[in-house]
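> Below you'll find structure.txt; it's compact mmCIF, C-alpha atoms and all ligand atoms.
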# COMPACT_ATOMS: atom_id res chain seq x y z
CA MET A 271 47.91 19.66 33.48
CA THR A 272 48.57 18.58 37.07
CA LYS A 273 47.28 15.12 37.76
CA LYS A 274 45.90 14.94 41.24
CA PHE A 275 43.59 13.09 43.57
CA ASP A 276 42.58 13.59 47.19
CA VAL A 277 43.35 9.94 47.95
CA ILE A 278 45.61 7.61 46.01
CA ILE A 279 45.42 3.89 46.74
CA VAL A 280 48.37 1.81 45.52
CA GLY A 281 47.20 -1.71 44.63
CA GLY A 282 43.77 -2.58 43.30
CA GLY A 283 42.94 -5.79 45.21
CA ILE A 284 40.16 -6.45 47.70
CA MET A 285 41.57 -4.01 50.28
CA ALA A 286 41.62 -1.15 47.79
CA GLY A 287 38.14 -2.06 46.57
CA SER A 288 36.67 -2.23 50.06
CA LEU A 289 38.35 1.00 51.17
CA ALA A 290 37.28 2.97 48.10
CA TYR A 291 33.73 1.61 48.27
CA ASN A 292 33.43 2.44 51.97
CA LEU A 293 34.82 5.95 51.51
CA MET A 294 32.22 6.68 48.82
CA LYS A 295 29.39 4.99 50.72
CA ASP A 296 30.26 6.96 53.86
CA GLY A 297 29.91 10.24 51.97
CA TYR A 298 33.51 11.11 51.16
CA THR A 299 33.44 13.85 48.53
CA GLY A 300 37.11 13.90 47.52
CA SER A 301 38.55 12.23 44.43
CA ILE A 302 39.99 8.71 44.70
CA GLY A 303 42.47 7.09 42.31
CA ILE A 304 43.35 3.39 42.52
CA PHE A 305 46.62 2.34 40.84
CA GLU A 306 46.84 -1.33 39.83
CA LYS A 307 49.82 -2.74 37.95
CA ASP A 308 48.12 -5.91 36.75
CA ARG A 309 44.77 -5.42 35.06
CA ALA A 310 44.25 -9.21 34.86
CA TYR A 311 45.09 -9.74 38.56
CA GLU A 312 47.11 -12.79 37.57
CA TYR A 313 49.37 -12.89 40.61
CA SER A 314 47.33 -10.83 43.09
CA SER A 315 46.46 -12.55 46.37
CA THR A 316 42.74 -11.98 46.22
CA PRO A 317 41.79 -14.21 43.27
CA ARG A 318 44.22 -16.89 44.53
CA SER A 319 42.60 -16.96 47.95
CA GLU A 320 40.45 -19.86 49.17
CA GLY A 321 37.76 -17.42 50.16
CA GLY A 322 37.29 -18.87 53.66
CA ILE A 323 35.08 -16.86 56.01
CA ARG A 324 35.07 -17.72 59.70
CA GLN A 325 34.53 -16.05 63.07
CA THR A 326 36.85 -18.22 65.14
CA PHE A 327 39.55 -15.91 66.45
CA SER A 328 41.00 -15.33 69.89
CA THR A 329 41.31 -11.55 69.93
CA GLU A 330 38.46 -9.08 70.28
CA VAL A 331 39.51 -7.01 67.28
CA ASN A 332 39.64 -10.01 64.92
CA ILE A 333 36.32 -11.42 66.17
CA LYS A 334 34.60 -8.06 65.74
CA MET A 335 36.06 -7.65 62.25
CA SER A 336 34.82 -11.15 61.41
CA GLN A 337 31.32 -10.44 62.70
CA TYR A 338 31.11 -7.21 60.72
CA SER A 339 32.49 -8.78 57.54
CA TYR A 340 30.22 -11.81 57.87
CA ARG A 341 27.18 -9.52 57.88
CA VAL A 342 28.49 -7.73 54.80
CA TYR A 343 29.09 -11.00 52.93
CA LYS A 344 25.61 -12.27 53.79
CA ASN A 345 24.16 -9.21 52.08
CA PHE A 346 26.89 -8.66 49.48
CA GLU A 347 24.88 -9.72 46.45
CA GLU A 348 22.32 -7.01 47.08
CA GLU A 349 24.69 -4.37 48.42
CA MET A 350 26.91 -4.54 45.33
CA ALA A 351 24.07 -4.87 42.85
CA ILE A 352 24.34 -2.55 39.86
CA ASP A 353 21.16 -1.42 38.11
CA GLY A 354 19.24 -4.16 39.93
CA GLU A 355 21.69 -6.87 38.77
CA PRO A 356 22.87 -8.79 41.88
CA CYS A 357 26.57 -9.45 42.38
CA HIS A 358 26.76 -13.24 42.78
CA ILE A 359 29.61 -14.39 45.06
CA ASP A 360 28.65 -18.02 45.69
CA PHE A 361 28.73 -17.68 49.51
CA ARG A 362 28.31 -21.25 50.80
CA GLN A 363 28.00 -21.90 54.53
CA ASP A 364 29.30 -25.45 54.80
CA GLY A 365 30.83 -24.62 58.19
CA TYR A 366 34.35 -24.86 59.64
CA LEU A 367 35.34 -28.00 61.54
CA TYR A 368 38.39 -27.82 63.81
CA LEU A 369 39.60 -31.30 64.77
CA LEU A 370 41.13 -31.29 68.24
CA ASN A 371 43.69 -33.35 70.12
CA ASP A 372 45.03 -33.08 73.68
CA ARG A 373 47.29 -30.19 72.66
CA THR A 374 44.70 -28.05 70.83
CA LEU A 375 41.61 -28.74 72.99
CA PRO A 376 42.59 -26.24 75.76
CA ILE A 377 43.46 -23.58 73.14
CA PHE A 378 40.03 -23.93 71.54
CA LYS A 379 38.25 -23.94 74.90
CA ASP A 380 39.84 -20.54 75.60
CA ILE A 381 38.93 -19.27 72.13
CA MET A 382 35.32 -20.38 72.61
CA LYS A 383 35.06 -18.47 75.90
CA ILE A 384 36.17 -15.24 74.23
CA GLN A 385 33.96 -15.85 71.17
CA GLU A 386 30.89 -16.60 73.26
CA SER A 387 31.39 -13.43 75.32
CA LEU A 388 31.15 -11.54 72.00
CA GLY A 389 28.12 -13.47 70.74
CA VAL A 390 29.74 -16.01 68.38
CA GLN A 391 28.41 -19.52 68.87
CA ALA A 392 30.24 -22.74 67.94
CA ASN A 393 29.61 -26.35 68.98
CA LEU A 394 32.16 -28.40 70.91
CA MET A 395 31.86 -32.13 70.17
CA ASP A 396 33.52 -35.08 71.90
CA GLN A 397 35.20 -37.92 70.01
CA ARG A 398 32.00 -39.96 69.55
CA GLU A 399 30.00 -36.94 68.36
CA THR A 400 32.78 -36.03 65.93
CA LYS A 401 32.63 -39.52 64.43
CA ASP A 402 28.83 -39.31 64.11
CA PHE A 403 29.12 -35.91 62.49
CA PHE A 404 31.80 -36.96 59.97
CA PRO A 405 31.69 -40.78 59.73
CA GLU A 406 34.65 -41.22 57.35
CA LEU A 407 37.13 -39.61 59.78
CA ASN A 408 39.67 -41.53 61.81
CA VAL A 409 39.09 -40.01 65.26
CA GLU A 410 41.35 -42.37 67.25
CA ASP A 411 43.92 -39.67 68.01
CA LEU A 412 41.33 -36.89 68.45
CA THR A 413 39.60 -35.68 71.60
CA GLY A 414 36.80 -34.10 69.57
CA ALA A 415 36.10 -31.09 67.38
CA VAL A 416 34.60 -27.62 67.26
CA PHE A 417 32.07 -26.90 64.52
CA ASP A 418 31.21 -23.36 63.43
CA PRO A 419 28.06 -23.73 61.30
CA ASP A 420 27.94 -20.14 60.04
CA ALA A 421 31.40 -20.21 58.49
CA GLY A 422 32.03 -21.04 54.85
CA ASN A 423 33.54 -19.58 51.75
CA ALA A 424 32.76 -17.28 48.85
CA ASP A 425 34.32 -16.76 45.44
CA PRO A 426 37.12 -14.19 45.92
CA TYR A 427 37.31 -13.08 42.28
CA SER A 428 33.59 -12.30 42.23
CA VAL A 429 33.90 -10.33 45.47
CA LEU A 430 36.85 -8.38 44.05
CA GLN A 431 34.92 -7.60 40.87
CA GLY A 432 31.89 -6.61 42.94
CA TYR A 433 33.87 -4.01 44.87
CA ILE A 434 35.67 -2.74 41.76
CA LYS A 435 32.54 -2.30 39.67
CA LYS A 436 30.64 -0.65 42.50
CA ALA A 437 33.51 1.69 43.37
CA ARG A 438 33.86 2.65 39.71
CA GLN A 439 30.13 3.31 39.47
CA MET A 440 30.39 5.56 42.52
CA GLY A 441 33.08 7.67 40.85
CA VAL A 442 36.41 6.08 41.80
CA THR A 443 39.08 6.23 39.04
CA PHE A 444 41.17 3.14 38.18
CA ILE A 445 44.57 3.66 36.61
CA TYR A 446 46.29 0.52 35.37
CA GLU A 447 49.90 1.57 35.95
CA GLU A 448 52.58 0.38 38.33
CA VAL A 449 53.55 2.84 41.03
CA ASP A 450 57.31 3.13 41.10
CA THR A 451 57.52 5.11 44.31
CA ILE A 452 55.65 7.33 46.73
CA VAL A 453 56.75 10.96 46.76
CA THR A 454 57.36 12.59 50.13
CA GLU A 455 58.61 15.98 51.31
CA GLN A 456 59.42 16.99 54.88
CA GLN A 457 57.71 13.93 56.38
CA LYS A 458 54.57 14.46 54.31
CA VAL A 459 53.20 12.46 51.44
CA LYS A 460 52.93 14.36 48.15
CA GLY A 461 51.78 11.71 45.66
CA VAL A 462 53.19 8.87 43.57
CA ILE A 463 55.35 8.42 40.49
CA THR A 464 54.40 5.62 38.11
CA LYS A 465 56.82 3.32 36.29
CA ASN A 466 56.36 5.38 33.13
CA GLY A 467 57.52 8.48 34.98
CA GLU A 468 54.22 10.28 35.54
CA MET A 469 53.65 12.14 38.79
CA TYR A 470 50.21 12.12 40.43
CA HIS A 471 49.72 14.43 43.39
CA ALA A 472 47.76 13.54 46.53
CA PRO A 473 47.96 14.49 50.22
CA ILE A 474 46.97 10.93 51.15
CA VAL A 475 48.55 7.74 49.79
CA VAL A 476 47.34 4.34 50.98
CA ASN A 477 49.61 1.33 50.64
CA ALA A 478 47.22 -1.51 49.70
CA ALA A 479 49.80 -3.41 47.67
CA GLY A 480 49.21 -6.77 49.41
CA PRO A 481 52.32 -8.99 49.31
CA TRP A 482 54.22 -6.13 47.60
CA SER A 483 53.42 -3.58 50.32
CA GLY A 484 56.61 -4.14 52.37
CA GLU A 485 58.72 -3.58 49.27
CA LEU A 486 56.77 -0.42 48.33
CA SER A 487 57.17 1.02 51.81
CA LYS A 488 60.93 0.43 51.75
CA LYS A 489 61.13 2.85 48.82
CA ILE A 490 60.39 5.68 51.24
CA ASP A 491 62.58 4.14 53.96
CA ILE A 492 59.65 3.02 56.08
CA ASP A 493 59.77 -0.55 57.25
CA ILE A 494 56.47 -2.35 57.61
CA PRO A 495 56.68 -6.05 58.41
CA VAL A 496 54.97 -7.52 55.34
CA GLN A 497 56.58 -10.29 53.28
CA PRO A 498 55.36 -12.36 50.32
CA LEU A 499 54.84 -15.93 51.53
CA ARG A 500 53.89 -18.77 49.17
CA ARG A 501 50.93 -20.96 50.00
CA GLN A 502 49.98 -23.98 47.87
CA LEU A 503 46.53 -25.46 47.34
CA PHE A 504 45.84 -28.79 45.63
CA SER A 505 42.60 -29.94 44.04
CA ILE A 506 42.00 -33.66 44.42
CA ASP A 507 39.48 -36.30 43.49
CA THR A 508 39.05 -39.40 45.67
CA THR A 509 37.99 -42.80 44.37
CA MET A 510 35.84 -43.39 47.46
CA LYS A 511 33.37 -40.51 47.81
CA PHE A 512 32.36 -38.84 51.09
CA GLN A 513 28.71 -39.11 52.15
CA ASN A 514 28.15 -35.46 53.00
CA THR A 515 29.46 -32.05 51.98
CA ILE A 516 32.91 -31.63 53.50
CA PRO A 517 33.16 -28.52 55.70
CA PHE A 518 36.39 -26.45 55.81
CA THR A 519 38.17 -29.02 58.03
CA PHE A 520 41.34 -28.27 60.01
CA ASP A 521 43.47 -31.17 61.15
CA PRO A 522 45.49 -30.62 64.38
CA THR A 523 48.64 -30.75 62.20
CA GLY A 524 47.51 -27.51 60.52
CA LEU A 525 46.56 -29.20 57.24
CA HIS A 526 43.08 -28.39 55.94
CA PHE A 527 40.67 -29.74 53.37
CA ARG A 528 37.22 -28.75 52.16
CA GLY A 529 34.68 -29.78 49.57
CA GLU A 530 34.58 -27.70 46.41
CA ARG A 531 31.68 -29.00 44.35
CA SER A 532 32.72 -32.53 43.22
CA LYS A 533 36.38 -31.96 44.20
CA ILE A 534 38.30 -31.44 47.44
CA VAL A 535 40.78 -28.60 47.99
CA VAL A 536 43.70 -29.30 50.33
CA GLY A 537 46.35 -26.98 51.76
CA TRP A 538 49.01 -26.89 54.42
CA ALA A 539 51.06 -23.92 55.58
CA ASN A 540 54.55 -25.38 55.25
CA ASP A 541 57.80 -23.59 55.99
CA VAL A 542 59.04 -21.84 52.85
CA PRO A 543 61.32 -18.84 52.39
CA PHE A 544 59.74 -15.44 51.71
CA GLY A 545 59.64 -14.47 48.05
CA TYR A 546 57.57 -14.01 44.89
CA ASP A 547 57.37 -17.73 44.21
CA PHE A 548 54.29 -19.27 42.55
CA ARG A 549 55.49 -22.85 42.08
CA LEU A 550 53.14 -25.70 42.86
CA GLU A 551 55.20 -28.66 44.09
CA LYS A 552 53.56 -32.01 43.55
CA SER A 553 56.28 -33.65 45.65
CA PHE A 554 55.08 -31.58 48.63
CA PHE A 555 51.65 -33.09 48.20
CA GLU A 556 52.91 -36.63 47.71
CA GLU A 557 55.52 -36.70 50.45
CA GLU A 558 53.98 -34.53 53.17
CA ILE A 559 50.29 -33.89 52.65
CA TRP A 560 49.07 -37.25 51.40
CA PRO A 561 50.26 -39.35 54.38
CA VAL A 562 48.46 -37.00 56.79
CA LEU A 563 45.28 -37.14 54.72
CA ALA A 564 45.42 -40.93 54.46
CA HIS A 565 45.83 -41.16 58.23
CA ARG A 566 42.75 -38.98 58.73
CA SER A 567 40.47 -40.96 56.41
CA LEU A 568 40.61 -44.16 54.41
CA ASN A 569 38.81 -42.26 51.65
CA PHE A 570 42.03 -40.37 51.00
CA GLU A 571 44.07 -43.49 50.33
CA GLN A 572 43.19 -43.54 46.65
CA LEU A 573 43.09 -40.17 44.97
CA LYS A 574 44.37 -38.17 42.08
CA VAL A 575 45.64 -34.60 42.09
CA ASP A 576 43.95 -32.85 39.21
CA GLY A 577 45.10 -29.29 39.70
CA GLY A 578 46.01 -26.64 42.19
CA TRP A 579 47.61 -23.26 42.47
CA ALA A 580 50.00 -21.23 44.60
CA GLY A 581 49.51 -17.67 45.79
CA LEU A 582 51.14 -15.20 48.15
CA TYR A 583 50.05 -14.27 51.63
CA ASP A 584 50.65 -10.63 52.60
CA TYR A 585 52.43 -12.11 55.60
CA ASN A 586 53.29 -10.22 58.76
CA PRO A 587 56.05 -12.32 60.38
CA VAL A 588 55.97 -10.33 63.63
CA ASP A 589 52.47 -11.03 64.93
CA HIS A 590 50.59 -12.46 61.89
CA ASN A 591 47.88 -9.82 61.95
CA ALA A 592 46.68 -6.94 59.83
CA ILE A 593 48.32 -3.52 59.85
CA ILE A 594 45.69 -0.80 59.48
CA GLY A 595 46.33 2.88 60.04
CA GLY A 596 48.39 5.97 59.39
CA HIS A 597 52.13 6.15 59.82
CA PRO A 598 53.09 8.21 62.90
CA SER A 599 56.02 10.00 61.26
CA MET A 600 54.82 10.35 57.66
CA ALA A 601 51.72 12.53 57.39
CA GLY A 602 49.23 11.22 54.84
CA TYR A 603 50.77 7.74 54.56
CA TYR A 604 48.36 4.91 55.41
CA VAL A 605 48.76 1.14 55.35
CA ILE A 606 46.17 -1.64 54.95
CA SER A 607 48.08 -4.89 54.66
CA GLY A 608 49.72 -7.77 56.55
CA PHE A 609 46.56 -9.88 56.83
CA SER A 610 48.54 -13.14 56.85
CA GLY A 611 45.88 -15.46 55.44
CA HIS A 612 42.75 -13.79 56.79
CA GLY A 613 42.49 -10.79 54.52
CA PHE A 614 39.66 -11.98 52.35
CA GLN A 615 37.32 -12.47 55.28
CA HIS A 616 38.34 -9.23 57.00
CA ALA A 617 38.36 -6.94 53.96
CA PRO A 618 34.83 -5.53 54.44
CA ALA A 619 35.62 -4.46 58.02
CA ALA A 620 39.16 -3.30 57.22
CA GLY A 621 37.94 -1.00 54.43
CA LYS A 622 35.22 0.41 56.67
CA GLY A 623 37.70 1.06 59.50
CA LEU A 624 40.28 2.80 57.32
CA SER A 625 37.55 4.88 55.67
CA GLU A 626 36.62 6.18 59.15
CA LEU A 627 40.22 6.87 60.07
CA ILE A 628 40.84 8.83 56.85
CA ARG A 629 37.57 10.80 57.00
CA LEU A 630 37.18 11.32 60.75
CA GLY A 631 40.64 10.71 62.20
CA LYS A 632 39.26 7.93 64.42
CA PHE A 633 37.63 4.50 64.32
CA GLU A 634 33.90 4.49 65.01
CA THR A 635 32.36 1.13 64.11
CA ILE A 636 35.14 -1.14 65.43
CA ASP A 637 38.18 0.03 67.37
CA MET A 638 41.06 -1.23 65.22
CA SER A 639 43.74 0.78 66.99
CA ALA A 640 45.31 -2.49 68.23
CA LEU A 641 46.29 -3.08 64.57
CA SER A 642 48.17 0.24 64.26
CA VAL A 643 51.50 0.69 62.50
CA GLU A 644 52.94 1.94 65.82
CA ARG A 645 52.45 -1.35 67.64
CA PHE A 646 55.75 -2.76 66.35
CA ALA A 647 57.73 0.11 67.85
CA THR A 648 55.82 0.09 71.14
CA LYS A 649 55.81 -3.75 71.25
CA ASN A 650 52.05 -3.89 71.80
CA LEU A 651 51.69 -6.88 69.51
CA VAL A 652 48.37 -8.59 68.74
CA LEU A 653 48.73 -12.16 69.94
CA GLU A 654 46.20 -14.21 68.00
CA THR A 655 46.15 -17.97 68.63
CA ALA A 656 43.67 -18.82 65.86
CA VAL A 657 45.92 -18.17 62.87
CA PHE A 658 46.31 -21.07 60.46
C1 LIG A 701 46.54 -19.44 48.69
C2 LIG A 701 45.84 -18.39 49.52
C3 LIG A 701 44.72 -18.73 50.27
C4 LIG A 701 44.09 -17.77 51.04
N1 LIG A 701 42.96 -18.13 51.72
C5 LIG A 701 42.31 -17.21 52.45
C6 LIG A 701 41.10 -17.56 53.11
O1 LIG A 701 40.61 -18.69 53.03
N2 LIG A 701 40.48 -16.59 53.83
C7 LIG A 701 40.97 -15.33 53.95
O2 LIG A 701 40.38 -14.52 54.64
N3 LIG A 701 42.11 -14.97 53.31
C8 LIG A 701 42.79 -15.86 52.57
N4 LIG A 701 43.93 -15.52 51.92
C9 LIG A 701 44.50 -14.16 52.14
C10 LIG A 701 43.84 -13.12 51.26
O3 LIG A 701 43.73 -13.60 49.94
C11 LIG A 701 44.68 -11.82 51.29
O4 LIG A 701 44.93 -11.42 52.62
C12 LIG A 701 43.95 -10.68 50.57
O5 LIG A 701 43.51 -11.09 49.30
C13 LIG A 701 44.89 -9.49 50.43
O6 LIG A 701 44.25 -8.53 49.62
P1 LIG A 701 45.06 -7.29 49.08
O7 LIG A 701 44.11 -6.42 48.34
O8 LIG A 701 45.84 -6.69 50.19
O9 LIG A 701 46.16 -7.93 48.11
P2 LIG A 701 46.11 -8.27 46.56
O10 LIG A 701 44.87 -8.96 46.17
O11 LIG A 701 47.41 -8.94 46.20
O12 LIG A 701 46.08 -6.84 45.90
C14 LIG A 701 47.24 -6.01 45.91
C15 LIG A 701 47.39 -5.49 44.50
O13 LIG A 701 48.45 -4.54 44.47
C16 LIG A 701 48.99 -4.58 43.17
N5 LIG A 701 50.29 -3.88 43.27
C17 LIG A 701 51.33 -4.26 44.03
N6 LIG A 701 52.33 -3.35 43.94
C18 LIG A 701 51.88 -2.38 43.10
C19 LIG A 701 52.45 -1.17 42.61
N7 LIG A 701 53.68 -0.78 42.97
N8 LIG A 701 51.71 -0.41 41.76
C20 LIG A 701 50.44 -0.79 41.39
N9 LIG A 701 49.87 -1.93 41.83
C21 LIG A 701 50.57 -2.71 42.68
C22 LIG A 701 49.08 -6.05 42.85
O14 LIG A 701 49.13 -6.29 41.46
C23 LIG A 701 47.77 -6.56 43.48
O15 LIG A 701 46.73 -6.68 42.54
C24 LIG A 701 44.58 -16.44 51.10
C25 LIG A 701 45.68 -16.09 50.33
C26 LIG A 701 46.31 -17.04 49.54
C27 LIG A 701 47.49 -16.65 48.71
Could you spell out this file's structure in structure tokens?


Amino acid sequence: MTKKFDVIIVGGGIMAGSLAYNLMKDGYTGSIGIFEKDRAYEYSSTPRSEGGIRQTFSTEVNIKMSQYSYRVYKNFEEEMAIDGEPCHIDFRQDGYLYLLNDRTLPIFKDIMKIQESLGVQANLMDQRETKDFFPELNVEDLTGAVFDPDAGNADPYSVLQGYIKKARQMGVTFIYEEVDTIVTEQQKVKGVITKNGEMYHAPIVVNAAGPWSGELSKKIDIDIPVQPLRRQLFSIDTTMKFQNTIPFTFDPTGLHFRGERSKIVVGWANDVPFGYDFRLEKSFFEEEIWPVLAHRSLNFEQLKVDGGWAGLYDYNPVDHNAIIGGHPSMAGYYVISGFSGHGFQHAPAAGKGLSELIRLGKFETIDMSALSVERFATKNLVLETAVF
């Protein structure tokens, strides 16, 4: 018996879930098969994400994707309910606080102009107001801060499960097998072959393999700039407690920290080589992160690290933005990857956009053509200044 689908999605993370859900919701009548190599999602990016959701970006496409996704997340529990059972995702809006110095103030002033023109409000505070807002901070070397009150974070694993369960209920098939390669013939996609040698036919194959998507694409000699990049997050407990809930706070150095119930989660995007590396290095915390934290607040002087984890960004080293669209010289081959640390928050919009492109051949809700695969060849890169 020939095994076939109308659309095959390789990778079963949040991008696959959002795409499949949106296709079904938008009335697609073809069959959809999602191939996922790791049923437990142990190393997938989505469950290892921090789940941050913000609207502070400097490009129109990213702001519009944020606005769309924010609306989806606000209503996610109801939208993904099954048989009246809501899908809890623990969406907490504790806000994002960007601490500014002389170098970053002008960058944020420009970002705020663009945001405001698109209807996203954030509050610019001077040094005194920043201190009043967050009394435990050392603001001596700061000019102020920007606070985005609507931003926050949700539980990525619950969101992933929400999409998966809903997509399955709507008729999407999940196959827990690793795709070995995509099959092509005369510049057209024909299907995939799994690691156990089975061929599945499909005229459309979507590469949603997250940090593995660059490697998968290479198998059909198509280069897409996506690399696995390790990011480490540490969970800490301070002896001296903070008075208020800690928003998702970005230091001008790039380090960030946020309250997570009684703990604090801290991360910093340090320079590491690309690779499938999941090590958590305590020495990185002790030697590099801790001194910056202790400078920012006396409360961080005494603390203990009581956990943490590392995960992989689906990192696009060329312009650090998503790649969404069909490949110009391989009919039926689509990519949804390269989100470089903002995939969780953009997944609802990304899935909606690619659903439109596959069904209608064009974007309708948000024009995402700036994020096309072609932009690397034509050098029309997306220059986003708000990437952390
Ligand atoms: C530490 C960390 C913090 C982050 N914080 C944030 C944040 O605060 N906000 C935000 O917006 N984003 C954040 N991100 C980014 C976000 O998590 C990712 O952009 C997003 O989860 C990518 O989703 P995905 O579905 O493309 O990838 P994944 O979730 O990795 O899914 C891809 C799936 O493909 C499967 N797969 C790969 N190859 C094959 C194959 N050949 N056959 C079958 N299956 C295959 C993998 O097993 C995997 O499950 C963070 C990421 C990390 C690592």

> Could you list, as a ChimeraX atom specification, all protein and nucleic acid residues with an atom at most 6 Å from ligand LIG 701 (chain A), counting only C-alpha atoms and all ligand atoms?

/A:280-286,305-308,311,314-316,318-323,447-450,478-482,501-502,580-584,607,609-615

> Produce the centre coordinates and the three edge lengths, each in Å to one decimal, of the box along x, y and z that contains all listed atoms of segment 563-581 of chain A with 4 Å added on each side, as AutoDock Vina command-line options.


--center_x 44.4 --center_y -30.9 --center_z 49.0 --size_x 19.2 --size_y 34.5 --size_z 27.5

> One decimal, in Å: what's the spacing between atom CA of His565 of chain A and atom CA of Asp507 of chain A?

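Atom CA of Asp507 of chain A lies at a distance of 16.8 Å from atom CA of His565 of chain A.
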
> Residues within 9 Å of (32.7, -21.7, 59.0), file coordinates, counting all atoms listed in the file: what are they? Give the list as an MDAnalysis selection string.

chainID A and resid 322:326 363:367 417:423 517:518

> Any idea what's packed within 8 Å of Asp637 of chain A, counting all atoms listed in the file, ignoring anything in its chain fewer than 3 positions away? Could you give it as a list in words?

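Contacts, with the query itself left out: Val331, Gly623, Phe633, Glu634 and Ala640 of chain A.
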
> Just give me the residues with any atom within 10 Å of (52.5, -4.6, 53.4), file coordinates, counting only C-alpha atoms, written as a PyMOL selection string.

chain A and resi 477-488+493-498+584-586+592-594+605-609

> Could the residues in this selection be written to a file with C-alpha atoms, as a PDB file, in the frame of the given file?


ATOM      1  CA  ASN A 477      49.610   1.330  50.640  1.00  0.00           C
ATOM      2  CA  ALA A 478      47.220  -1.510  49.700  1.00  0.00           C
ATOM      3  CA  ALA A 479      49.800  -3.410  47.670  1.00  0.00           C
ATOM      4  CA  GLY A 480      49.210  -6.770  49.410  1.00  0.00           C
ATOM      5  CA  PRO A 481      52.320  -8.990  49.310  1.00  0.00           C
ATOM      6  CA  TRP A 482      54.220  -6.130  47.600  1.00  0.00           C
ATOM      7  CA  SER A 483      53.420  -3.580  50.320  1.00  0.00           C
ATOM      8  CA  GLY A 484      56.610  -4.140  52.370  1.00  0.00           C
ATOM      9  CA  GLU A 485      58.720  -3.580  49.270  1.00  0.00           C
ATOM     10  CA  LEU A 486      56.770  -0.420  48.330  1.00  0.00           C
ATOM     11  CA  SER A 487      57.170   1.020  51.810  1.00  0.00           C
ATOM     12  CA  LYS A 488      60.930   0.430  51.750  1.00  0.00           C
ATOM     13  CA  ASP A 493      59.770  -0.550  57.250  1.00  0.00           C
ATOM     14  CA  ILE A 494      56.470  -2.350  57.610  1.00  0.00           C
ATOM     15  CA  PRO A 495      56.680  -6.050  58.410  1.00  0.00           C
ATOM     16  CA  VAL A 496      54.970  -7.520  55.340  1.00  0.00           C
ATOM     17  CA  GLN A 497      56.580 -10.290  53.280  1.00  0.00           C
ATOM     18  CA  PRO A 498      55.360 -12.360  50.320  1.00  0.00           C
ATOM     19  CA  ASP A 584      50.650 -10.630  52.600  1.00  0.00           C
ATOM     20  CA  TYR A 585      52.430 -12.110  55.600  1.00  0.00           C
ATOM     21  CA  ASN A 586      53.290 -10.220  58.760  1.00  0.00           C
ATOM     22  CA  ALA A 592      46.680  -6.940  59.830  1.00  0.00           C
ATOM     23  CA  ILE A 593      48.320  -3.520  59.850  1.00  0.00           C
ATOM     24  CA  ILE A 594      45.690  -0.800  59.480  1.00  0.00           C
ATOM     25  CA  VAL A 605      48.760   1.140  55.350  1.00  0.00           C
ATOM     26  CA  ILE A 606      46.170  -1.640  54.950  1.00  0.00           C
ATOM     27  CA  SER A 607      48.080  -4.890  54.660  1.00  0.00           C
ATOM     28  CA  GLY A 608      49.720  -7.770  56.550  1.00  0.00           C
ATOM     29  CA  PHE A 609      46.560  -9.880  56.830  1.00  0.00           C
TER      30      PHE A 609
END

> Please compute the atom CA of Phe520 of chain A-atom CA of Val416 of chain A distance, one decimal, in Å.

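Those two atoms sit 9.9 Å apart.
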
> Just to confirm, what's the straight-line distance from atom CA of Val652 of chain A to atom CA of Phe327 of chain A in Å (one decimal)?

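Those two atoms sit 11.7 Å apart.
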
> Ranking A:Thr464, A:Asn408, A:Ser532, A:Thr523 by minimum distance to Asn569 of chain A and counting all atoms listed in the file, which one comes first?

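Between A:Thr464, A:Asn408, A:Ser532, A:Thr523, the residue approaching Asn569 of chain A most closely is A:Asn408.
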
> Using all atoms listed in the file, which residues sit within 6 Å of segment 336-342 of chain A once same-chain residues fewer than 5 positions away are excluded, as a list in words?

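What passes the distance filter is Gln325, His616, Pro618 and Ala619 of chain A.
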
> Between A:Thr272, A:Gln513, A:Ser567, A:Thr519, which one has atoms that come closest to Leu407 of chain A, using all atoms listed in the file?

A:Ser567

> Selecting C-alpha atoms, how would segment 431-446 of chain A from this structure be written as a PDB file, in the first residue's frame?


ATOM      1  CA  GLN A 431       0.750  19.931  23.845  1.00  0.00           C
ATOM      2  CA  GLY A 432      -2.208  22.234  23.180  1.00  0.00           C
ATOM      3  CA  TYR A 433      -1.365  22.481  19.487  1.00  0.00           C
ATOM      4  CA  ILE A 434      -0.583  18.768  19.174  1.00  0.00           C
ATOM      5  CA  LYS A 435      -3.780  17.572  20.830  1.00  0.00           C
ATOM      6  CA  LYS A 436      -5.931  20.009  18.889  1.00  0.00           C
ATOM      7  CA  ALA A 437      -4.284  19.179  15.559  1.00  0.00           C
ATOM      8  CA  ARG A 438      -4.719  15.462  16.251  1.00  0.00           C
ATOM      9  CA  GLN A 439      -8.375  16.000  17.128  1.00  0.00           C
ATOM     10  CA  MET A 440      -8.833  17.840  13.828  1.00  0.00           C
ATOM     11  CA  GLY A 441      -7.477  14.866  11.875  1.00  0.00           C
ATOM     12  CA  VAL A 442      -3.718  15.408  11.609  1.00  0.00           C
ATOM     13  CA  THR A 443      -1.634  12.184  11.754  1.00  0.00           C
ATOM     14  CA  PHE A 444       1.490  11.983  13.956  1.00  0.00           C
ATOM     15  CA  ILE A 445       4.175   9.481  13.025  1.00  0.00           C
ATOM     16  CA  TYR A 446       6.955   9.054  15.566  1.00  0.00           C
TER      17      TYR A 446
END
